[in-house]
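Asks: See start-v9.cif below, with mmCIF, C-alpha atoms.
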```
data_model
#
loop_
_atom_site.group_PDB
_atom_site.id
_atom_site.type_symbol
_atom_site.label_atom_id
_atom_site.label_comp_id
_atom_site.auth_asym_id
_atom_site.auth_seq_id
_atom_site.Cartn_x
_atom_site.Cartn_y
_atom_site.Cartn_z
ATOM 1 C CA MET L 1 -2.413 -29.188 -6.947
ATOM 2 C CA THR L 2 -2.743 -31.822 -4.220
ATOM 3 C CA ALA L 3 -0.474 -31.460 -1.193
ATOM 4 C CA ALA L 4 2.631 -33.627 -1.190
ATOM 5 C CA THR L 5 3.037 -36.089 1.664
ATOM 6 C CA HIS L 6 6.363 -36.051 3.495
ATOM 7 C CA LYS L 7 7.595 -37.541 6.765
ATOM 8 C CA PHE L 8 10.021 -35.552 8.909
ATOM 9 C CA THR L 9 12.055 -36.600 11.919
ATOM 10 C CA ILE L 10 12.749 -34.050 14.643
ATOM 11 C CA GLU L 11 15.421 -34.906 17.167
ATOM 12 C CA GLN L 12 14.310 -33.723 20.604
ATOM 13 C CA GLY L 13 16.716 -31.099 22.011
ATOM 14 C CA ALA L 14 18.479 -30.479 18.675
ATOM 15 C CA THR L 15 18.068 -27.737 16.095
ATOM 16 C CA PHE L 16 15.637 -28.734 13.342
ATOM 17 C CA LEU L 17 16.234 -27.096 9.966
ATOM 18 C CA THR L 18 14.814 -28.014 6.585
ATOM 19 C CA GLU L 19 14.892 -26.087 3.325
ATOM 20 C CA ILE L 20 12.013 -26.383 0.870
ATOM 21 C CA GLN L 21 11.611 -25.108 -2.674
ATOM 22 C CA TYR L 22 8.099 -24.551 -4.042
ATOM 23 C CA LYS L 23 7.652 -25.338 -7.734
ATOM 24 C CA ASP L 24 4.450 -25.457 -9.772
ATOM 25 C CA SER L 25 3.213 -28.580 -11.582
ATOM 26 C CA ASN L 26 5.513 -27.751 -14.520
ATOM 27 C CA GLY L 27 8.601 -27.676 -12.280
ATOM 28 C CA VAL L 28 8.921 -23.891 -12.392
ATOM 29 C CA ALA L 29 9.849 -22.126 -9.152
ATOM 30 C CA VAL L 30 7.007 -20.047 -7.673
ATOM 31 C CA ASN L 31 7.992 -16.537 -6.610
ATOM 32 C CA LEU L 32 7.087 -16.244 -2.916
ATOM 33 C CA THR L 33 7.223 -12.458 -2.681
ATOM 34 C CA GLY L 34 4.377 -11.358 -0.402
ATOM 35 C CA TYR L 35 3.462 -14.908 0.664
ATOM 36 C CA ILE L 36 2.848 -15.998 4.237
ATOM 37 C CA ILE L 37 4.036 -19.522 4.975
ATOM 38 C CA ARG L 38 2.665 -21.293 8.045
ATOM 39 C CA MET L 39 2.994 -24.724 9.591
ATOM 40 C CA GLN L 40 1.356 -26.383 12.575
ATOM 41 C CA ALA L 41 1.751 -29.830 14.112
ATOM 42 C CA ARG L 42 -0.543 -31.566 16.579
ATOM 43 C CA LYS L 43 -0.615 -34.856 18.499
ATOM 44 C CA HIS L 44 -3.993 -35.642 16.925
ATOM 45 C CA LYS L 45 -5.346 -34.039 13.769
ATOM 46 C CA ARG L 46 -8.429 -32.684 15.563
ATOM 47 C CA SER L 47 -6.570 -31.488 18.656
ATOM 48 C CA ASN L 48 -7.087 -27.835 19.599
ATOM 49 C CA THR L 49 -3.468 -27.566 20.758
ATOM 50 C CA ALA L 50 -0.719 -26.906 18.229
ATOM 51 C CA LEU L 51 2.584 -28.299 19.515
ATOM 52 C CA ILE L 52 4.460 -26.630 16.674
ATOM 53 C CA ASP L 53 3.189 -23.304 15.345
ATOM 54 C CA VAL L 54 5.587 -21.440 13.043
ATOM 55 C CA SER L 55 5.077 -18.859 10.322
ATOM 56 C CA THR L 56 6.768 -16.157 8.308
ATOM 57 C CA ALA L 57 4.388 -13.770 10.095
ATOM 58 C CA THR L 58 5.760 -14.725 13.537
ATOM 59 C CA SER L 59 8.885 -16.889 13.647
ATOM 60 C CA GLY L 60 10.278 -20.235 12.583
ATOM 61 C CA VAL L 61 9.798 -19.860 8.817
ATOM 62 C CA THR L 62 12.044 -17.682 6.669
ATOM 63 C CA ILE L 63 11.821 -17.076 2.929
ATOM 64 C CA THR L 64 15.469 -17.376 1.916
ATOM 65 C CA ASP L 65 15.098 -16.675 -1.831
ATOM 66 C CA ALA L 66 11.635 -15.492 -2.863
ATOM 67 C CA ALA L 67 12.363 -15.538 -6.610
ATOM 68 C CA SER L 68 13.402 -19.204 -6.525
ATOM 69 C CA GLY L 69 10.560 -20.222 -4.185
ATOM 70 C CA THR L 70 12.944 -21.238 -1.413
ATOM 71 C CA PHE L 71 12.236 -21.087 2.304
ATOM 72 C CA GLU L 72 13.347 -22.789 5.497
ATOM 73 C CA VAL L 73 11.609 -24.066 8.594
ATOM 74 C CA LYS L 74 13.700 -23.890 11.755
ATOM 75 C CA LEU L 75 13.027 -24.944 15.335
ATOM 76 C CA THR L 76 15.450 -24.120 18.135
ATOM 77 C CA PRO L 77 16.839 -26.732 20.540
ATOM 78 C CA ALA L 78 14.521 -25.347 23.257
ATOM 79 C CA GLU L 79 11.498 -25.725 20.959
ATOM 80 C CA THR L 80 12.332 -29.320 20.036
ATOM 81 C CA ALA L 81 13.162 -30.193 23.668
ATOM 82 C CA ALA L 82 9.608 -29.205 24.605
ATOM 83 C CA LEU L 83 8.157 -31.868 22.287
ATOM 84 C CA ASN L 84 7.318 -35.316 23.612
ATOM 85 C CA GLY L 85 8.592 -38.328 21.716
ATOM 86 C CA GLY L 86 6.214 -39.978 19.274
ATOM 87 C CA VAL L 87 4.270 -39.036 16.171
ATOM 88 C CA LEU L 88 2.758 -35.638 15.334
ATOM 89 C CA TYR L 89 0.572 -34.691 12.364
ATOM 90 C CA TYR L 90 1.377 -31.525 10.415
ATOM 91 C CA ASP L 91 0.634 -29.509 7.364
ATOM 92 C CA LEU L 92 2.380 -26.548 5.774
ATOM 93 C CA GLU L 93 0.364 -23.916 3.933
ATOM 94 C CA LEU L 94 1.093 -20.961 1.682
ATOM 95 C CA VAL L 95 -1.110 -17.874 1.743
ATOM 96 C CA ASP L 96 -0.729 -15.679 -1.327
ATOM 97 C CA THR L 97 -1.256 -11.925 -1.544
ATOM 98 C CA SER L 98 -4.967 -12.347 -2.380
ATOM 99 C CA GLY L 99 -5.551 -14.593 0.649
ATOM 100 C CA ASP L 100 -5.793 -17.871 -1.268
ATOM 101 C CA VAL L 101 -4.418 -20.823 0.712
ATOM 102 C CA THR L 102 -2.490 -23.735 -0.788
ATOM 103 C CA ARG L 103 -1.610 -26.726 1.364
ATOM 104 C CA LEU L 104 1.875 -27.526 0.088
ATOM 105 C CA ILE L 105 2.956 -30.450 2.295
ATOM 106 C CA GLN L 106 1.328 -32.684 4.894
ATOM 107 C CA GLY L 107 2.203 -35.798 6.833
ATOM 108 C CA ASN L 108 3.790 -37.089 10.003
ATOM 109 C CA ILE L 109 6.642 -35.892 12.168
ATOM 110 C CA ASN L 110 8.463 -38.489 14.231
ATOM 111 C CA VAL L 111 9.929 -36.906 17.373
ATOM 112 C CA SER L 112 13.017 -38.907 18.337
ATOM 113 C CA GLU L 113 13.533 -38.691 22.110
ATOM 114 C CA GLU L 114 16.748 -37.203 23.452
ATOM 115 C CA VAL L 115 18.853 -39.265 25.839
ATOM 116 C CA THR L 116 21.692 -36.822 26.606
ATOM 117 C CA ARG L 117 20.611 -33.939 28.839
#
```
So that I can check it, write out the structure of this file as structure tokens.

Replies:
Amino acid sequence: MTAATHKFTIEQGATFLTEIQYKDSNGVAVNLTGYIIRMQARKHKRSNTALIDVSTATSGVTITDAASGTFEVKLTPAETAALNGGVLYYDLELVDTSGDVTRLIQGNINVSEEVTR
């Protein structure tokens, strides 16, 4: 399955939270038990520096209902405040129990600059 393309907006200095449900090509929820979910974002696709780096293995991604394929990505206000305004490139991948990687979503993140400090 080809990765879906989705644009996100992150408001600098605010909590970012999005919930995602993974379904197969037939629309059936994929059980995420044992999966690692990871996401990185960079200023340029080939940059060595990840400006966002979250995962179920570390922090920032939580499987909220494994049986229904549901998980959330959350960044704290401090994490979003550290981002500069502009466009970032990201992808979000799933690693199953055998180590196979599926790129689920990819695209751009627009970081909307905070005015109130």

Asks: Here is a test: counting all atoms listed in the file, which residue of L:Lys45, L:Gly13, L:Tyr35, L:Val73 is nearest to Ala57 of chain L?

Replies: L:Tyr35

Asks: So, with only C-alpha atoms as the atoms that count, which of L:Gly107, L:Gly34, L:Gly60, L:Gly69 lies closest to Leu17 of chain L?

Replies: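 Nearest candidate to Leu17 of chain L out of L:Gly107, L:Gly34, L:Gly60, L:Gly69: L:Gly60.
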
Asks: Please provide as a list in words all residues within 8 Å of Leu94 of chain L, with the sequence filter that same-chain residues fewer than 3 positions apart are discarded (counting all atoms listed in the file).

Replies: Tyr35, Ile36, Ile37, Arg38, Val101, Thr102, Arg103 and Leu104 of chain L

Asks: Go through the shown structure with the PyMOL selection byres ((chain L and resi 62) around 12) and write out the matching residues as a PyMOL selection string.

Replies: chain L and resi 17-21+32-33+35-39+54-61+63-66+69-75

Asks: With distances taken over all atoms listed in the file, which of L:Ser47, L:Ser98, L:Leu88, L:Asp24 is nearest to Thr9 of chain L?

Replies: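 The shortest atom-to-atom distance to Thr9 of chain L comes from L:Leu88.
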
Asks: When distances are computed from only C-alpha atoms, which of L:Val87, L:Glu113, L:Arg46, L:Met1 shows the smallest separation from Asn26 of chain L?

Replies: L:Met1

Asks: Measuring between only C-alpha atoms, which one of L:Glu79, L:Glu93, L:Asp53, L:Glu114 shows the shortest distance to Tyr22 of chain L?

Replies: L:Glu93

Asks: So that I can check the surroundings of Arg42 of chain L, please list as a ChimeraX atom specification every protein, DNA and RNA residue that reaches within 12 Å of it, counting only C-alpha atoms and ignoring chain neighbours fewer than 4 positions away.

Replies: /L:46-53,83-84,86-91,106-111

Asks: Please produce an output containing C-alpha atoms for each residue in the selection, written as a PDB file, in the coordinates of the input.

Replies:
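Final file, result-v2.pdb:
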```
ATOM      1  CA  ARG L  46      -8.429 -32.684  15.563  1.00  0.00           C
ATOM      2  CA  SER L  47      -6.570 -31.488  18.656  1.00  0.00           C
ATOM      3  CA  ASN L  48      -7.087 -27.835  19.599  1.00  0.00           C
ATOM      4  CA  THR L  49      -3.468 -27.566  20.758  1.00  0.00           C
ATOM      5  CA  ALA L  50      -0.719 -26.906  18.229  1.00  0.00           C
ATOM      6  CA  LEU L  51       2.584 -28.299  19.515  1.00  0.00           C
ATOM      7  CA  ILE L  52       4.460 -26.630  16.674  1.00  0.00           C
ATOM      8  CA  ASP L  53       3.189 -23.304  15.345  1.00  0.00           C
ATOM      9  CA  LEU L  83       8.157 -31.868  22.287  1.00  0.00           C
ATOM     10  CA  ASN L  84       7.318 -35.316  23.612  1.00  0.00           C
ATOM     11  CA  GLY L  86       6.214 -39.978  19.274  1.00  0.00           C
ATOM     12  CA  VAL L  87       4.270 -39.036  16.171  1.00  0.00           C
ATOM     13  CA  LEU L  88       2.758 -35.638  15.334  1.00  0.00           C
ATOM     14  CA  TYR L  89       0.572 -34.691  12.364  1.00  0.00           C
ATOM     15  CA  TYR L  90       1.377 -31.525  10.415  1.00  0.00           C
ATOM     16  CA  ASP L  91       0.634 -29.509   7.364  1.00  0.00           C
ATOM     17  CA  GLN L 106       1.328 -32.684   4.894  1.00  0.00           C
ATOM     18  CA  GLY L 107       2.203 -35.798   6.833  1.00  0.00           C
ATOM     19  CA  ASN L 108       3.790 -37.089  10.003  1.00  0.00           C
ATOM     20  CA  ILE L 109       6.642 -35.892  12.168  1.00  0.00           C
ATOM     21  CA  ASN L 110       8.463 -38.489  14.231  1.00  0.00           C
ATOM     22  CA  VAL L 111       9.929 -36.906  17.373  1.00  0.00           C
TER      23      VAL L 111
END
```

Asks: Mind pulling up the distance from atom CA of Gln40 of chain L to atom CA of Ala82 of chain L?

Replies: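 Computing it gives 14.9 Å between the two atoms.
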
Asks: Tell me which of L:Ser112, L:Thr2, L:Thr97, L:Thr76 sits closest to Ser25 of chain L, counting only C-alpha atoms.

Replies: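 Distance minimum relative to Ser25 of chain L lands on L:Thr2.
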
Asks: Rounded to one decimal in Å, what is the spacing between atom CA of Phe16 of chain L and atom CA of Val30 of chain L?

Replies: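 Separation of atom CA of Phe16 of chain L and atom CA of Val30 of chain L: 24.3 Å.
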
Asks: Can you fill out segment 76-91 of chain L with N, CA and C atoms and hand it back as a PDB file, in the coordinates of the input?

Replies:
```
ATOM      1  N   THR L  76      14.289 -24.205  17.260  1.00  0.00           N
ATOM      2  CA  THR L  76      15.450 -24.120  18.135  1.00  0.00           C
ATOM      3  C   THR L  76      15.555 -25.373  19.004  1.00  0.00           C
ATOM      4  N   PRO L  77      16.719 -25.613  19.613  1.00  0.00           N
ATOM      5  CA  PRO L  77      16.839 -26.732  20.540  1.00  0.00           C
ATOM      6  C   PRO L  77      15.818 -26.667  21.683  1.00  0.00           C
ATOM      7  N   ALA L  78      15.526 -25.485  22.187  1.00  0.00           N
ATOM      8  CA  ALA L  78      14.521 -25.347  23.257  1.00  0.00           C
ATOM      9  C   ALA L  78      13.135 -25.741  22.758  1.00  0.00           C
ATOM     10  N   GLU L  79      12.815 -25.372  21.517  1.00  0.00           N
ATOM     11  CA  GLU L  79      11.498 -25.725  20.959  1.00  0.00           C
ATOM     12  C   GLU L  79      11.372 -27.231  20.745  1.00  0.00           C
ATOM     13  N   THR L  80      12.418 -27.880  20.254  1.00  0.00           N
ATOM     14  CA  THR L  80      12.332 -29.320  20.036  1.00  0.00           C
ATOM     15  C   THR L  80      12.398 -30.085  21.354  1.00  0.00           C
ATOM     16  N   ALA L  81      13.091 -29.542  22.350  1.00  0.00           N
ATOM     17  CA  ALA L  81      13.162 -30.193  23.668  1.00  0.00           C
ATOM     18  C   ALA L  81      11.792 -30.233  24.331  1.00  0.00           C
ATOM     19  N   ALA L  82      10.945 -29.277  24.006  1.00  0.00           N
ATOM     20  CA  ALA L  82       9.608 -29.205  24.605  1.00  0.00           C
ATOM     21  C   ALA L  82       8.635 -30.223  24.009  1.00  0.00           C
ATOM     22  N   LEU L  83       9.028 -30.884  22.927  1.00  0.00           N
ATOM     23  CA  LEU L  83       8.157 -31.868  22.287  1.00  0.00           C
ATOM     24  C   LEU L  83       8.334 -33.228  22.941  1.00  0.00           C
ATOM     25  N   ASN L  84       7.249 -33.941  23.124  1.00  0.00           N
ATOM     26  CA  ASN L  84       7.318 -35.316  23.612  1.00  0.00           C
ATOM     27  C   ASN L  84       7.622 -36.244  22.443  1.00  0.00           C
ATOM     28  N   GLY L  85       8.297 -37.346  22.746  1.00  0.00           N
ATOM     29  CA  GLY L  85       8.592 -38.328  21.716  1.00  0.00           C
ATOM     30  C   GLY L  85       7.310 -38.907  21.142  1.00  0.00           C
ATOM     31  N   GLY L  86       7.379 -39.383  19.916  1.00  0.00           N
ATOM     32  CA  GLY L  86       6.214 -39.978  19.274  1.00  0.00           C
ATOM     33  C   GLY L  86       5.907 -39.334  17.947  1.00  0.00           C
ATOM     34  N   VAL L  87       4.687 -39.506  17.491  1.00  0.00           N
ATOM     35  CA  VAL L  87       4.270 -39.036  16.171  1.00  0.00           C
ATOM     36  C   VAL L  87       3.361 -37.823  16.306  1.00  0.00           C
ATOM     37  N   LEU L  88       3.613 -36.815  15.468  1.00  0.00           N
ATOM     38  CA  LEU L  88       2.758 -35.638  15.334  1.00  0.00           C
ATOM     39  C   LEU L  88       2.250 -35.585  13.895  1.00  0.00           C
ATOM     40  N   TYR L  89       1.127 -34.921  13.696  1.00  0.00           N
ATOM     41  CA  TYR L  89       0.572 -34.691  12.364  1.00  0.00           C
ATOM     42  C   TYR L  89       0.743 -33.219  12.030  1.00  0.00           C
ATOM     43  N   TYR L  90       1.126 -32.917  10.797  1.00  0.00           N
ATOM     44  CA  TYR L  90       1.377 -31.525  10.415  1.00  0.00           C
ATOM     45  C   TYR L  90       0.856 -31.247   9.014  1.00  0.00           C
ATOM     46  N   ASP L  91       0.723 -29.971   8.738  1.00  0.00           N
ATOM     47  CA  ASP L  91       0.634 -29.509   7.364  1.00  0.00           C
ATOM     48  C   ASP L  91       1.307 -28.152   7.263  1.00  0.00           C
TER      49      ASP L  91
END
```
